[in-house]
Every structure is written in structure tokens, then in C-alpha cells.
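Engineer: Following this line is start_12.cif, made up of mmCIF, C-alpha atoms:
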data_work
loop_
_atom_site.label_atom_id
_atom_site.label_comp_id
_atom_site.auth_asym_id
_atom_site.auth_seq_id
_atom_site.Cartn_x
_atom_site.Cartn_y
_atom_site.Cartn_z
CA ARG F 281 24.81 4.23 -43.31
CA MET F 282 25.98 5.87 -40.07
CA HIS F 283 25.84 3.76 -36.90
CA PRO F 284 25.86 4.89 -33.25
CA ASN F 285 29.13 5.01 -31.35
CA ALA F 286 29.73 2.92 -28.25
CA THR F 287 27.07 3.21 -25.56
CA GLN F 288 27.77 5.78 -22.87
CA THR F 289 26.14 5.12 -19.50
CA ALA F 290 25.76 8.82 -18.73
CA ALA F 291 23.84 9.39 -21.98
CA CYS F 292 21.25 6.64 -21.37
CA THR F 293 17.66 7.67 -20.68
CA ILE F 294 14.52 6.34 -19.02
CA VAL F 295 10.93 7.15 -20.06
CA PRO F 296 7.44 5.81 -19.25
CA ALA F 297 6.44 2.87 -21.44
CA ALA F 298 2.95 4.25 -22.01
CA ALA F 299 1.94 7.72 -23.14
CA GLY F 300 0.98 9.81 -20.13
CA GLY F 301 2.46 7.27 -17.73
CA ARG F 302 4.23 8.28 -14.53
CA LEU F 303 7.88 7.50 -14.17
CA ALA F 304 8.18 7.03 -10.42
CA GLU F 305 4.72 6.15 -9.10
CA PHE F 306 3.51 2.56 -9.08
CA GLU F 307 0.42 0.77 -7.81
CA ALA F 308 0.71 -2.32 -5.62
CA GLY F 309 -0.30 -5.48 -7.45
CA VAL F 310 -0.37 -3.83 -10.89
CA PRO F 311 2.38 -4.56 -13.45
CA SER F 312 4.08 -1.32 -14.53
CA ALA F 313 6.74 -0.75 -17.16
CA VAL F 314 9.29 1.86 -18.18
CA LEU F 315 11.66 1.98 -21.14
CA LEU F 316 15.41 2.01 -20.53
CA GLU F 317 17.15 3.54 -23.54
CA ALA F 318 20.78 2.83 -24.42
CA ARG F 319 22.43 5.80 -26.17
CA ASP F 320 25.86 6.88 -27.35
CA ALA F 321 27.55 10.12 -26.31
CA PHE F 322 25.64 12.04 -28.99
CA GLY F 323 22.22 10.80 -27.83
CA ASN F 324 21.76 8.27 -30.63
CA LEU F 325 19.81 5.15 -29.69
CA GLN F 326 21.95 2.03 -29.76
CA GLU F 327 21.12 -0.69 -32.28
CA HIS F 328 22.55 -4.00 -31.11
CA GLY F 329 20.64 -4.53 -27.82
CA ARG F 330 23.60 -6.22 -26.14
CA ASP F 331 24.14 -3.64 -23.40
CA LYS F 332 23.03 -4.79 -19.96
CA LEU F 333 20.34 -2.45 -18.65
CA SER F 334 18.60 -2.96 -15.32
CA MET F 335 16.34 -1.23 -12.83
CA VAL F 336 15.74 -1.70 -9.10
CA LEU F 337 13.60 -0.10 -6.41
CA MET F 338 15.30 -0.10 -3.02
CA PRO F 339 13.17 0.58 0.08
CA LEU F 340 13.94 3.65 2.13
CA HIS F 341 14.54 2.64 5.73
CA GLY F 342 12.22 3.75 8.50
CA LEU F 343 9.20 2.81 10.58
CA ARG F 344 6.54 0.81 8.70
CA GLN F 345 8.43 1.00 5.42
CA PRO F 346 8.70 -1.74 2.78
CA LYS F 347 11.33 -4.39 3.39
CA ASN F 348 12.14 -5.93 0.01
CA THR F 349 14.14 -4.66 -2.95
CA ILE F 350 12.22 -4.87 -6.22
CA ARG F 351 14.17 -5.94 -9.31
CA ALA F 352 12.63 -5.31 -12.71
CA GLN F 353 12.31 -7.94 -15.42
CA VAL F 354 14.05 -6.47 -18.45
CA GLU F 355 13.67 -7.46 -22.10
CA TYR F 356 15.05 -5.87 -25.24
CA VAL F 357 12.26 -4.58 -27.47
CA GLY F 358 14.38 -3.16 -30.29
CA GLY F 359 15.67 0.22 -31.36
CA GLY F 360 17.95 0.53 -28.35
CA ARG F 361 15.02 0.26 -25.93
CA HIS F 362 14.68 -2.22 -23.07
CA ARG F 363 11.33 -2.71 -21.32
CA ALA F 364 11.65 -2.96 -17.52
CA THR F 365 8.56 -4.38 -15.80
CA ILE F 366 7.83 -4.56 -12.08
CA ARG F 367 4.85 -5.69 -10.01
CA PRO F 368 5.37 -4.25 -6.52
CA THR F 369 3.46 -5.66 -3.57
CA GLU F 370 4.47 -3.42 -0.64
CA VAL F 371 3.45 0.22 -0.44
CA GLY F 372 5.83 2.94 0.66
CA PRO F 373 8.79 5.06 -0.48
CA TYR F 374 11.63 3.65 -2.52
CA GLU F 375 14.81 4.83 -4.23
CA MET F 376 14.64 4.04 -7.93
CA PHE F 377 17.85 3.24 -9.82
CA ALA F 378 18.44 2.60 -13.53
CA MET F 379 21.77 1.12 -14.59
CA CYS F 380 23.52 0.42 -17.86
CA ARG F 381 26.58 -1.77 -18.23
CA PRO F 382 27.60 -1.19 -21.85
CA LEU F 383 28.85 -3.94 -24.09
CA ASP F 384 32.10 -1.99 -24.37
CA VAL F 385 32.73 -1.09 -20.73
CA THR F 386 36.15 0.43 -21.49
CA ALA F 387 34.71 2.90 -23.97
CA ALA F 388 31.88 3.81 -21.65
CA SER F 389 34.24 4.77 -18.84
CA ALA F 390 36.98 6.31 -20.96
CA THR F 391 35.91 9.86 -20.11
CA GLY F 392 35.51 9.17 -16.39
CA ALA F 393 38.07 9.00 -13.61
CA GLY F 394 38.61 5.89 -11.55
CA LYS F 395 36.00 3.15 -11.24
CA ALA F 396 33.12 3.36 -13.72
CA SER F 397 29.63 3.89 -12.36
CA PHE F 398 26.83 2.14 -14.24
CA THR F 399 24.02 4.07 -12.55
CA TYR F 400 22.60 6.79 -14.77
CA PHE F 401 19.27 7.51 -13.09
CA LYS F 402 18.33 7.90 -9.43
CA ARG F 403 15.04 9.20 -8.12
CA ARG F 404 12.64 8.72 -5.23
CA ALA F 405 9.65 6.55 -6.18
CA GLU F 406 6.41 5.71 -4.44
CA VAL F 407 4.32 2.55 -4.45
CA VAL F 408 0.71 3.32 -3.58
CA SER F 409 -2.00 0.90 -2.47
CA GLY F 410 -4.24 -0.87 -4.93
CA ALA F 411 -8.01 -0.76 -5.03
CA SER F 412 -9.75 -1.28 -1.69
CA SER F 413 -11.16 -4.76 -1.14
CA ALA F 414 -14.08 -5.57 1.16
CA ALA F 415 -12.83 -9.15 1.51
CA HIS F 416 -9.45 -8.01 2.88
CA CYS F 417 -10.45 -5.42 5.48
CA LEU F 418 -9.09 -5.98 8.99
CA VAL F 419 -11.44 -5.59 11.97
CA ARG F 420 -10.71 -5.43 15.70
CA GLY F 421 -12.05 -3.82 18.83
CA PRO F 422 -13.66 -4.39 22.24
CA GLY F 423 -17.12 -3.67 20.84
CA LEU F 424 -16.98 -6.31 18.13
CA LYS F 425 -19.26 -8.66 20.11
CA GLY F 426 -21.31 -6.10 21.98
CA THR F 427 -21.29 -3.72 24.93
CA LEU F 428 -23.52 -2.44 27.75
CA CYS F 429 -26.75 -0.49 27.40
CA GLY F 430 -25.90 3.13 26.64
CA VAL F 431 -22.15 2.48 26.63
CA PRO F 432 -20.23 3.14 23.38
CA GLY F 433 -19.06 0.04 21.57
CA ILE F 434 -15.72 0.58 19.85
CA VAL F 435 -14.60 -1.18 16.64
CA TYR F 436 -11.85 -0.15 14.28
CA VAL F 437 -11.48 -1.16 10.65
CA ALA F 438 -8.41 -1.02 8.42
CA VAL F 439 -9.44 -0.85 4.77
CA CYS F 440 -6.90 -2.80 2.72
CA ASP F 441 -6.22 -3.72 -0.87
CA ALA F 442 -6.10 -7.34 -2.06
CA LEU F 443 -2.45 -7.62 -0.96
CA GLY F 444 -3.11 -6.48 2.60
CA ASN F 445 -1.75 -2.94 2.23
CA ILE F 446 -3.70 -0.28 4.11
CA CYS F 447 -5.33 1.96 1.53
CA SER F 448 -4.76 5.68 1.26
CA GLY F 449 -7.24 8.30 0.21
CA PRO F 450 -11.02 8.31 0.59
CA VAL F 451 -12.90 5.00 0.65
CA PRO F 452 -16.68 4.39 0.78
CA LEU F 453 -16.92 2.76 4.21
CA ALA F 454 -20.25 2.76 6.05
CA ALA F 455 -21.49 1.22 9.32
CA GLU F 456 -24.89 0.76 10.96
CA VAL F 457 -26.37 -1.18 13.87
CA LEU F 458 -29.44 -3.23 12.90
CA ASP F 459 -32.11 -4.71 15.13
CA SER F 460 -33.62 -8.21 14.78
CA ASP F 461 -35.98 -6.96 12.05
CA GLY F 462 -33.16 -5.46 10.01
CA GLY F 463 -34.03 -1.87 10.86
CA PRO F 464 -31.56 0.76 12.12
CA ALA F 465 -30.99 0.92 15.87
CA GLY F 466 -29.14 3.31 18.15
CA SER F 467 -26.53 5.70 16.82
CA THR F 468 -23.35 4.97 14.87
CA THR F 469 -20.48 7.30 14.00
CA LEU F 470 -17.32 6.87 11.92
CA SER F 471 -14.10 8.80 12.40
CA GLN F 472 -10.63 8.64 10.89
CA PRO F 473 -7.99 9.05 13.64
CA GLU F 474 -5.02 9.06 11.23
CA ALA F 475 -5.27 11.42 8.28
CA GLY F 476 -4.20 9.91 4.98
CA GLU F 477 -4.75 6.28 5.98
CA SER F 478 -7.99 4.35 5.68
CA ILE F 479 -8.19 3.30 9.31
CA PHE F 480 -11.62 4.00 10.74
CA LEU F 481 -13.00 4.09 14.25
CA ILE F 482 -16.62 2.98 14.55
CA SER F 483 -18.47 4.03 17.70
CA TYR F 484 -22.00 2.78 18.25
CA ARG F 485 -24.42 3.24 21.16
CA VAL F 486 -27.66 1.32 21.83
CA THR F 487 -29.84 1.98 24.88
CA ALA F 488 -32.08 -1.12 24.83
CA LYS F 489 -30.81 -4.57 25.70
CA GLY F 490 -31.00 -7.37 23.17
CA ARG F 491 -29.31 -8.91 20.18
CA TYR F 492 -28.28 -6.71 17.26
CA ARG F 493 -25.98 -6.78 14.25
CA LEU F 494 -23.25 -4.37 13.22
CA GLN F 495 -23.17 -4.11 9.44
CA VAL F 496 -20.01 -2.65 7.91
CA THR F 497 -19.89 -2.17 4.15
CA LEU F 498 -17.32 -0.96 1.64
CA GLY F 499 -18.88 0.44 -1.49
CA GLY F 500 -22.14 -1.31 -0.59
CA ALA F 501 -20.52 -4.75 -0.11
CA ASP F 502 -20.17 -6.33 3.34
CA ILE F 503 -16.59 -6.48 4.56
CA ARG F 504 -15.26 -9.83 5.72
CA GLY F 505 -17.32 -11.09 8.70
CA SER F 506 -20.08 -8.50 8.38
CA PRO F 507 -22.71 -8.32 9.73
CA PHE F 508 -21.23 -8.91 13.19
CA PRO F 509 -23.59 -10.20 15.92
CA LEU F 510 -23.81 -7.92 18.95
CA GLU F 511 -25.18 -8.49 22.43
CA ILE F 512 -26.23 -5.38 24.35
CA ARG F 513 -26.27 -6.28 28.03
CA PRO F 514 -28.38 -4.60 30.75
CA GLU F 515 -25.57 -4.00 33.22
CA ASP F 516 -25.09 -0.87 35.30
CA MET F 517 -21.91 1.10 34.90
CA PRO F 518 -21.08 4.34 36.76
CA ARG F 519 -20.88 7.34 34.46
CA ALA F 520 -17.33 8.03 35.65
CA ASP F 521 -16.23 4.67 34.22
CA LEU F 522 -17.35 5.44 30.69
CA GLY F 523 -14.38 6.04 28.47
CA PRO F 524 -14.48 8.28 25.40
CA ALA F 525 -15.62 6.83 22.12
CA HIS F 526 -12.03 6.68 20.88
CA ALA F 527 -9.23 4.16 20.78
CA HIS F 528 -5.57 4.53 19.91
CA ILE F 529 -4.85 2.51 16.80
CA LYS F 530 -1.22 1.47 16.94
CA GLY F 531 0.89 -1.35 15.57
CA ILE F 532 -1.33 -2.29 12.63
CA SER F 533 0.67 -4.60 10.42
CA GLN F 534 0.18 -4.34 6.72
CA GLY F 535 1.44 -5.79 3.49
CA PRO F 536 1.77 -9.28 2.08
CA GLY F 537 2.62 -12.00 4.57
CA SER F 538 2.14 -9.88 7.67
CA GLY F 539 -0.19 -12.53 9.08
CA SER F 540 -1.56 -10.23 11.74
CA SER F 541 -4.66 -8.21 12.35
CA PRO F 542 -4.89 -4.60 13.51
CA GLY F 543 -3.03 -3.79 16.65
CA PRO F 544 -2.81 -5.43 20.03
CA ARG F 545 -5.99 -6.48 21.80
CA ALA F 546 -7.75 -3.32 22.82
CA GLN F 547 -9.55 -2.78 26.11
CA GLY F 548 -12.33 -0.26 26.52
CA PRO F 549 -15.90 0.24 27.61
CA GLY F 550 -17.94 -2.92 27.33
CA SER F 551 -14.97 -5.29 26.98
CA ARG F 552 -14.67 -8.35 29.13
CA PRO F 553 -11.58 -10.26 30.17
#
Take the structure from the file and write it as C-alpha cells.

Structural biologist:
Amino acid sequence: RMHPNATQTAACTIVPAAAGGRLAEFEAGVPSAVLLEARDAFGNLQEHGRDKLSMVLMPLHGLRQPKNTIRAQVEYVGGGRHRATIRPTEVGPYEMFAMCRPLDVTAASATGAGKASFTYFKRRAEVVSGASSAAHCLVRGPGLKGTLCGVPGIVYVAVCDALGNICSGPVPLAAEVLDSDGGPAGSTTLSQPEAGESIFLISYRVTAKGRYRLQVTLGGADIRGSPFPLEIRPEDMPRADLGPAHAHIKGISQGPGSGSSPGPRAQGPGSRP
């Protein structure tokens, strides 16, 4: 029987562990696996399983990027294949590396010049947010407790996954002001100031004084804290003092362990010191 030659790092391969799987896209909070394949110079899969294969995802540096390197758990599954499993928690761009340190390091580097490199695969990877979670949405804004008659109340909501990452893509967020009988009151609009991120600006306006509730739902389920009690106060305010129904949403922290809610305290129409 013919056996493979010594493992060559440059000949090693990496493939998705599941049919139809993506090689460099992962979902936060979901275990994902790839297969690291040890091969000889002729492409034959190695048999002994004693080569040291590994995989890491290193964060790309920049504003609001992930901070931690992700190291895969690797186990030999036979036939020259090693299963590398990761469970990322922070969304963002990474550089993905696969390495192989052969059992016979001398043979592996015999054809190279100088110091041997054990990296055989390098590619940009992306960790995307998990499923949106009503219980983990972040809410802030000067209109969260109420406003003045006819003056827009401003609230912004960051839709997050269960790990605190701000979600990307469309999400089924809805908002409505309810009166004491549970019926709709006033007008409510939703806008998305930042394309591609699920950060929403809610602007509501009620003309009659009284106590109301702002109900915010995600896929039909109340987000954390909803419905929010509102007090619409009968105070006069010159028209020139009314700001637009917008707010700049900056500095929203996201990801596990951030321990903060969206942005600095906002000031706007209807807010009080």
C-alpha cells in the first residue's frame, strides 16, 4: 500500500465542514466549523493526524471594530482532516488565518528559503449579527417619558441580538402611541438614520394633554421596557424653538460586555434638565 509523503504546509487546504457552508462568514453566537486538511506535496491527504493545524480570526483595526482574537478549537476527525470550530461573539471584519505545523517540520520547509512559514491560508472574514432579540434592544431619547402638546417626542432604538451586537439588515420594528383605553393616539413615524444598521429614530406627536403609552414591538413582541409611560404636558413653546424630529445617534456601544446604552444623553424638544 502506498502512503502519503511528509505533510507540506503549502499543499494543505481548508473547506467548509458542511455542504453549502460559507468559508469566511460566521454568525455571532452560533458555533461554526471548517475542515483543515493536511496534505503532502502531491495533494494526498495525510493519515497519521499528528500535524498541528490551527485557525485564528484576528480583528481588523478601526473604529467600532471587534477587539478580541478568536482561536478555533481543533480536533482530528480522521482521514487527514481536522475540524476547527469557533463561536464568535463580536460582529465585524476579521483576517482569517489557517496554519499547519507538520510533524516533520524539516521536510515541510525543505523547498523553501529561510524561515518556514506555517500559514497556508489567509482571507478576510466577516462575523455578522445573530437573530434580533426584543429583550436586548437598547432604548434612549428625550421623549422616552413624554413631551409637550404638539411637540415631537424623540426616542431612538438600537435593535440588537442576544449578545448585544447591533443587528444589520431589515428588522420588523413597529411603534405606536396608545391612549388610556389602548387605542392609537397622535402620529408616530419611524426612520433609519444610518443605512445598514438597525438603529431607528421614533418621532411621535400628540396634541392633547394627558397620560399615554409608547408601545415598541419587534416582530410583534414588546421590546424591553415597552410599553413606556408618557406624559404629554400642556406647556406653551414658541414655534421657533421646535427642533426637527431628528437626533444624531452617535457613540452607541455594542457587543458583549459593553455595559452601556445608546449614546450620550440626548437633549431635544420636550426634554427637561

Engineer: Once the PyMOL selection byres ((chain F and resi 303) around 9) is applied to the coordinates I shared, what remains selected? I want it as a count of residues only.

Structural biologist: 12

Engineer: Rounded to one decimal place, report the atom CA of F:Thr349-atom CA of F:Gly372 distance in Å.

Structural biologist: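 Computing it gives 11.8 Å between the two atoms.
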
Engineer: With all atoms listed in the file as the basis for distance, which of F:Ala475, F:Gly423, F:Thr497, F:Ala308 is at the shortest distance from F:Glu370?

Structural biologist: F:Ala308

Engineer: If you count all atoms listed in the file, which residues fall within 7 Å of F:Met379, apart from same-chain ones fewer than 6 positions away, as a list in words?

Structural biologist: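 Using all atoms listed in the file, the neighbours found are Leu333, Ser334, Met335, Phe398, Thr399 and Tyr400 of chain F.
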
Engineer: Once the PyMOL selection byres ((chain F and resi 350) around 8) is applied to the coordinates I shared, what remains selected? I want it as a list in words.

Structural biologist: Val336, Leu337, Met338, Asn348, Thr349, Arg351, Ala352, Ile366 and Pro368 of chain F

Engineer: Neighbouring residues of F:Tyr484 were defined as those with any atom within 9 Å, considering all atoms listed in the file; residues of the same chain fewer than 2 positions away were excluded. Please report them as a list in words.

Structural biologist: Gly423, Val431, Pro432, Gly433, Ile434, Val435, Glu456, Val457, Gly466, Ser467, Thr468, Thr469, Leu470, Ile482, Val486, Leu494 and Ala525 of chain F

Engineer: Got a sec to check which residues sit within 10 Å of (-15.6, -10.5, 3.0), counting all atoms listed in the file, and write them as a PyMOL selection string?

Structural biologist: chain F and resi 413-418+497-498+501-506

Engineer: Which residues match the PyMOL selection byres ((chain F and resi 427-430) around 8) in the file above, as an mmCIF file with C-alpha atoms, in the coordinates of the input?

Structural biologist:
data_model
loop_
_atom_site.group_PDB
_atom_site.id
_atom_site.type_symbol
_atom_site.label_atom_id
_atom_site.label_comp_id
_atom_site.auth_asym_id
_atom_site.auth_seq_id
_atom_site.Cartn_x
_atom_site.Cartn_y
_atom_site.Cartn_z
ATOM 1 C CA GLY F 423 -17.120 -3.670 20.840
ATOM 2 C CA LYS F 425 -19.260 -8.660 20.110
ATOM 3 C CA GLY F 426 -21.310 -6.100 21.980
ATOM 4 C CA VAL F 431 -22.150 2.480 26.630
ATOM 5 C CA PRO F 432 -20.230 3.140 23.380
ATOM 6 C CA GLY F 433 -19.060 0.040 21.570
ATOM 7 C CA ARG F 485 -24.420 3.240 21.160
ATOM 8 C CA VAL F 486 -27.660 1.320 21.830
ATOM 9 C CA THR F 487 -29.840 1.980 24.880
ATOM 10 C CA ALA F 488 -32.080 -1.120 24.830
ATOM 11 C CA LYS F 489 -30.810 -4.570 25.700
ATOM 12 C CA LEU F 510 -23.810 -7.920 18.950
ATOM 13 C CA GLU F 511 -25.180 -8.490 22.430
ATOM 14 C CA ILE F 512 -26.230 -5.380 24.350
ATOM 15 C CA ARG F 513 -26.270 -6.280 28.030
ATOM 16 C CA PRO F 514 -28.380 -4.600 30.750
ATOM 17 C CA GLU F 515 -25.570 -4.000 33.220
ATOM 18 C CA ASP F 516 -25.090 -0.870 35.300
ATOM 19 C CA PRO F 549 -15.900 0.240 27.610
ATOM 20 C CA GLY F 550 -17.940 -2.920 27.330
ATOM 21 C CA SER F 551 -14.970 -5.290 26.980
#

Engineer: Tell me, in Å to one decimal, how far atom CA of F:Pro509 is from atom CA of F:Ile479.

Structural biologist: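 It comes out at 21.5 Å.
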
Engineer: Would you compute the distance between atom CA of F:Phe377 and atom CA of F:Arg363? Give it in Å to one decimal.

Structural biologist: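 Interatomic distance here is 14.5 Å.
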